[in-house]
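The structure appears below as structure tokens.
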Amino acid sequence: MVLYRRWRPFWLRRSQACELYTASVPSPPHWLSERLGLFEELWAAQVKSLANVARKEPRTIKVSLPGGQKVDAVAWNTTPYQLAQQISLTLANTAVVAQVNGELYDLERPLETDSDLRFLTFDSPEGKAVFWHSSTHVLGAAAEQFLGAILCRGPSTEYGFYHDFFLGKDRTVRGSELSILEQICREIVAASQPFRRLEVSRDQLHQLFKDNRFKLHLIEEKVTGPTATVYGCGMLVDLCRGPHLRHTGQIGELKLLTNSSSLWRSSGAPEILQRVSGISFPTVELLRDWEARKEEAASRDHRRIGKEQELFFFHELSPGSCFFLPRGARVYNALVAFIRAEYARRGFSEVKTPTLFSTKLWQLSGHWEHYNEDMFTLQPPATNRAAPSQSGHPPGPPTDTLALKPMNCPAHCLMFAHRPRSWRELPVRLADFGVLHRAEASGSLGGLTRLWRFQQDDAHIFCAPDQLEAEIQGCLDFLRSVYQVLGFSFRLALSTRPSSFLGEPSLWERAEQILQQALEEFGEPWDLNPGDGAFYGPKIDVHLHDALGRPHQCGTIQLDFQLPLRFSLQYKGQAGALERPVLIHRAVLGSVERLLGVLAESCGGKWPLWLSPFQVVVIPVGPEQEEYARQVQQSLQAAGLVGDLDADPGMTLSRRVRRAQLAHYNFQFVVGQKEQSKRTVNIRTRDNGRLGELDLTAAVQRLLELQNSRVPNAEEIF
């Protein structure tokens with residue numbers, strides 16, 4: 001029990017580092033010291049209890065280490081960190097979390113039974129998540145001490161971490177306060193304050209967080225068992241499953257980035273929270289690398305590209321929605337046309353479904369229980385003017401609450417069920433580009449990545465159980481084919497049954513086995529995300545990587561045994577009996593808007609020819625060639641290509657060519673007297689490649705071939 005004995009004096013020795021800043025709060029909340037006092041009492045009791053267990057039940061356990069080595073350890077005493085020290089001091093210093101029998105585990109938490117032990121560093125996705133989750137606890141501690149904040153939630157994200165907290169109805173985090181918060185975070189990091197895991201009862205949870213109504217709400221909502229865990233770190237005590245770093249000193253560099261607002265949604269009216277986001281790394285070198293990548297990413301920001309290239313814009317009169325200008329609509333439509341061509345080749349049938357539904361549909365599907373806070377609802381307008389129905393009888397006024405659809409699957413279930421089905425029809429593959437609306441918190445809206453109104457390449461496959469594996473393989477092949485054309489690498493992850501699942505565990509296990517088998521046969525690397533499935537079924541998440549190596553979750557493949565049950569979907573099997581279909585949800589692009597934004601940043605605005613809103617600009621050498629230049633432009637447009645004209649008499653030819661290259665036109669067709677007389681064009685590329693003179697008809701035909709083949713490098717292979 002050496003581990004437990006050293007924590008308390010370690011904290012007492014270093015806690016003074018934060019005392020300077022508590023004076024920044026006009027009157028520090030009384031609950032800070034009260035909560036810490038109760039935590040220390042409970043912590044001392046836990047240390048004593050575990051010491052008794054270790055003394056009364058001394059037991060040798062077997063631990064399998066990386067590389068196959070097996071060692072003996074003492075239950076309730078030996079920690080993963082101690083074993084890492086035996087292997088290598090470098091490993092002990094760089095490991096951020098352990099993995100014990102497949103579960104993430106605190107490095108300083110004693111092992112309890114025979115264990116398969118692995119060590120994860122910051123380089124792994126799980127390691128980053130733990131590192132950034134610990135960093136958000138540091139931010140939470142600073143916010144409590146400096147601002148008197150009431151903490152709400154503080155997760156890690158794909159790109160760092162954030163913490164939401166409440167300061168009062170009219171209080172916000174001022175920009176000038178961000179640097180002070182960051183300095184307090186640095187002091188907490190310098191103090192190397194340990195993270196201490198404490199298991200408490202529900203009653204003790206209520207005592208610890210009696211002054212935090214947000215945490216009390218989370219306790220009622222999330223804590224389903226008799227106990228839960230909290231973590232202490234300095235003066236901070238927070239409800240958390242963990243695991244965490246050994247101590248804050250493992251955070252080499254921490255930087256706060258932005259402050260904004262977010263919404264807390266519960267049974268009452270939404271409340272405005274303050275959100276501060278940040279990033280952290282084990283070393284200063286990693287921070288510098290991140291800053292360089294961030295600068296490069298800023299130069300490729302899709303919002304900047306959208307404005308400079310006149311692709312799209314946003315307006316306060318339609319929040320969370322995008323206005324696509326002609327050039328942007330061309331890119332958007334080219335993406336949709338690409339998926340439509342794949343649908344035709346792969347046996348999907350495109351359908352159109354309503355946008356507005358009674359909330360009874362979402363109650364039937366189960367979405368209302370899990371998703372209603374993210375839906376836009378409205379009451380039908382009352383009217384005294386009853387329009388006659390198709391039967392000639394005047395209908396009564398509608399009384400149901402209505403909702404804009406956030407997804408298409410319930411509508412597709414209605415479509416499958418609208419007439420009897422036979423096994424001969426299966427699989428039924430329905431595709432839908434219908435408009436969706438999701439009520440994201442306004443603070444999370446940003447460019448094309450988070451919108452209230454968007455469209456997906458959404459499709460649902462209704463199939464027999466024995467067709468399931470082949471259909472999953474087809475979905476995976478669909479993903480690979482599309483991402484190859486778009487120039488994305490990708491990684492797959494199998495997300496399994498969450499705690500709030502619907503249905504029978506046996507059905508879930510069968511579905512997970514099918515997905516795992518399909519992934520293994522697919523041959524691409526994949527990860528396991530235990531407990532991260534949708535409430536209705538396990539799923540395969542797809543993380544694509546752009547030209548900067550950044551991950552984006554766009555596509556998904558999800559199995560669903562629940563909706564067919566809820567909608568009583570049936571088909572007549574080969575033996576004549578009614579059978580239940582299985583439902584597959586799948587998307588490749590995901591949100592078309594978001595994918596367009598990812599593409600814009602990945603290519604830096606230099607669009608491949610088949611997507612490009614700047615395919616060709618025709619440049620006459622002088623006024624005498626302007627008429628012929630217009631004829632060339634018309635030939636391009638008649639073929640369905642984008643053809644612009646730059647006949648600006650106020651600029652020299654070389655300056656107009658340079659302007660076209662800076663605007664990222666894939667090709668420039670320069671026409672002078674010789675080209676006019678021979679009905680040819682002189683072709684240049686946006687990278688100043690000179691391809692020479694070519695017959696106009698042949699040039700247009702070659703562009704069509706390159707566009708239709710969707711090659712990424714048309715300029716190089718023209």
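In the structure tokens, each chain is lettered A, B, ... as it comes, each chain's residues begin at 1, and ligands are numbered from 1 in order of appearance.
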Check your understanding: A:Gln517: which residues within 12 Å, counting only C-alpha atoms, same-chain residues fewer than 4 positions away excluded, as a VMD selection string?
Key -> chain A and resid 468 to 470 472 to 473 494 510 to 513 521 to 523 526 540
Extract, using only C-alpha atoms, all DNA, RNA and protein residues at most 9 Å from A:Asn666, discarding same-chain residues fewer than 3 positions from it, and format them as an mmCIF file with N, CA, C and O atoms, in the first residue's frame.
```
data_model
loop_
_atom_site.group_PDB
_atom_site.id
_atom_site.type_symbol
_atom_site.label_atom_id
_atom_site.label_comp_id
_atom_site.auth_asym_id
_atom_site.auth_seq_id
_atom_site.Cartn_x
_atom_site.Cartn_y
_atom_site.Cartn_z
ATOM 1 N N LYS A 606 -7.683 23.741 -54.419
ATOM 2 C CA LYS A 606 -7.246 23.302 -55.755
ATOM 3 C C LYS A 606 -8.021 22.029 -56.090
ATOM 4 O O LYS A 606 -7.550 20.917 -55.924
ATOM 5 N N TRP A 607 -9.237 22.223 -56.566
ATOM 6 C CA TRP A 607 -10.169 21.112 -56.765
ATOM 7 C C TRP A 607 -9.736 20.214 -57.922
ATOM 8 O O TRP A 607 -9.228 20.699 -58.939
ATOM 9 N N PRO A 608 -9.939 18.896 -57.782
ATOM 10 C CA PRO A 608 -9.737 18.027 -58.943
ATOM 11 C C PRO A 608 -10.743 18.395 -60.033
ATOM 12 O O PRO A 608 -11.823 18.908 -59.745
ATOM 13 N N LEU A 609 -10.382 18.131 -61.268
ATOM 14 C CA LEU A 609 -11.180 18.604 -62.406
ATOM 15 C C LEU A 609 -12.650 18.231 -62.291
ATOM 16 O O LEU A 609 -13.537 19.052 -62.542
ATOM 17 N N SER A 612 -14.285 20.490 -59.819
ATOM 18 C CA SER A 612 -13.857 21.881 -59.817
ATOM 19 C C SER A 612 -14.910 22.860 -60.338
ATOM 20 O O SER A 612 -15.523 22.627 -61.384
ATOM 21 N N PHE A 614 -13.808 25.657 -61.206
ATOM 22 C CA PHE A 614 -12.892 26.468 -62.022
ATOM 23 C C PHE A 614 -12.168 25.547 -62.994
ATOM 24 O O PHE A 614 -10.949 25.415 -62.960
ATOM 25 N N GLN A 615 -12.925 24.935 -63.898
ATOM 26 C CA GLN A 615 -12.302 23.954 -64.786
ATOM 27 C C GLN A 615 -11.447 24.616 -65.861
ATOM 28 O O GLN A 615 -10.280 24.277 -66.029
ATOM 29 N N VAL A 616 -12.032 25.551 -66.589
ATOM 30 C CA VAL A 616 -11.306 26.182 -67.703
ATOM 31 C C VAL A 616 -11.651 27.668 -67.750
ATOM 32 O O VAL A 616 -12.810 28.050 -67.563
ATOM 33 N N VAL A 617 -10.629 28.490 -67.981
ATOM 34 C CA VAL A 617 -10.867 29.888 -68.317
ATOM 35 C C VAL A 617 -10.252 30.137 -69.698
ATOM 36 O O VAL A 617 -9.125 29.706 -69.978
ATOM 37 N N ALA A 660 -5.479 33.583 -63.410
ATOM 38 C CA ALA A 660 -6.212 32.316 -63.537
ATOM 39 C C ALA A 660 -5.538 31.213 -62.724
ATOM 40 O O ALA A 660 -6.209 30.388 -62.095
ATOM 41 N N GLN A 661 -4.203 31.207 -62.717
ATOM 42 C CA GLN A 661 -3.494 30.184 -61.953
ATOM 43 C C GLN A 661 -3.678 30.388 -60.456
ATOM 44 O O GLN A 661 -3.848 29.428 -59.707
ATOM 45 N N ARG A 684 -2.674 25.640 -70.996
ATOM 46 C CA ARG A 684 -1.780 25.723 -69.840
ATOM 47 C C ARG A 684 -2.536 25.194 -68.612
ATOM 48 O O ARG A 684 -3.761 25.192 -68.582
ATOM 49 N N THR A 685 -1.774 24.778 -67.583
ATOM 50 C CA THR A 685 -2.378 24.266 -66.354
ATOM 51 C C THR A 685 -2.180 25.269 -65.226
ATOM 52 O O THR A 685 -1.404 26.216 -65.343
ATOM 53 N N ARG A 686 -2.850 25.019 -64.097
ATOM 54 C CA ARG A 686 -2.765 25.949 -62.966
ATOM 55 C C ARG A 686 -1.392 25.948 -62.319
ATOM 56 O O ARG A 686 -1.032 26.874 -61.592
ATOM 57 N N ASP A 687 -0.588 24.897 -62.577
ATOM 58 C CA ASP A 687 0.776 24.854 -62.069
ATOM 59 C C ASP A 687 1.773 25.321 -63.120
ATOM 60 O O ASP A 687 2.967 25.002 -63.046
ATOM 61 N N ALA A 714 -5.818 15.423 -63.402
ATOM 62 C CA ALA A 714 -6.117 15.643 -64.816
ATOM 63 C C ALA A 714 -5.061 16.512 -65.490
ATOM 64 O O ALA A 714 -4.746 16.330 -66.673
ATOM 65 N N GLU A 715 -4.496 17.466 -64.758
ATOM 66 C CA GLU A 715 -3.512 18.384 -65.349
ATOM 67 C C GLU A 715 -2.242 17.635 -65.759
ATOM 68 O O GLU A 715 -1.584 18.002 -66.746
#
```
Practice item. Name the residues in contact with A:Asp203 at a cut-off of 10 Å, using only C-alpha atoms, excluding same-chain residues fewer than 3 positions from it; report them as a PyMOL selection string. Key: chain A and resi 200+206-208+226-227
Those residues you just picked out, can you put them in a file as a CSV table (one decimal), in the first residue's frame with N, CA, C and O atoms?
```csv
chain,number,residue,atom,x,y,z
A,200,VAL,N,-17.5,5.8,-4.6
A,200,VAL,CA,-18.4,6.3,-3.6
A,200,VAL,C,-19.9,5.8,-3.8
A,200,VAL,O,-20.2,5.4,-5.0
A,206,HIS,N,-24.3,12.6,-3.7
A,206,HIS,CA,-25.2,13.7,-3.5
A,206,HIS,C,-24.6,14.7,-2.4
A,206,HIS,O,-24.8,15.9,-2.5
A,207,GLN,N,-23.9,14.1,-1.5
A,207,GLN,CA,-23.2,15.0,-0.5
A,207,GLN,C,-22.1,15.8,-1.2
A,207,GLN,O,-21.9,17.0,-0.9
A,208,LEU,N,-21.3,15.1,-2.0
A,208,LEU,CA,-20.1,15.8,-2.6
A,208,LEU,C,-20.6,16.9,-3.5
A,208,LEU,O,-19.9,18.0,-3.6
A,226,PRO,N,-25.3,1.2,-7.7
A,226,PRO,CA,-25.2,1.7,-6.3
A,226,PRO,C,-24.0,2.6,-6.0
A,226,PRO,O,-24.0,3.3,-5.1
A,227,THR,N,-22.9,2.4,-6.9
A,227,THR,CA,-21.7,3.2,-6.7
A,227,THR,C,-21.3,3.9,-8.0
A,227,THR,O,-21.7,3.5,-9.1
```
Exercise for review: Would you list the contacts of stretch 271-273 of chain A as a ChimeraX atom specification, taking every protein, DNA or RNA residue within 6 Å and counting only C-alpha atoms, but skipping same-chain residues closer than 5 positions in sequence?
Suggested key: /A:165-166,261-264
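Residue neighbourhood of stretch 99-114 of chain A, excluding near-sequence residues (fewer than 5 positions): Leu3, Ile61, Lys62, Val63, Val74, Ala75, Trp76, Asn77, Thr78, Thr79, Pro80, Tyr81, Phe119, Leu120, Gly242, Pro243, His244, Leu245 and Arg246 of chain A, at 8 Å, using only C-alpha atoms.
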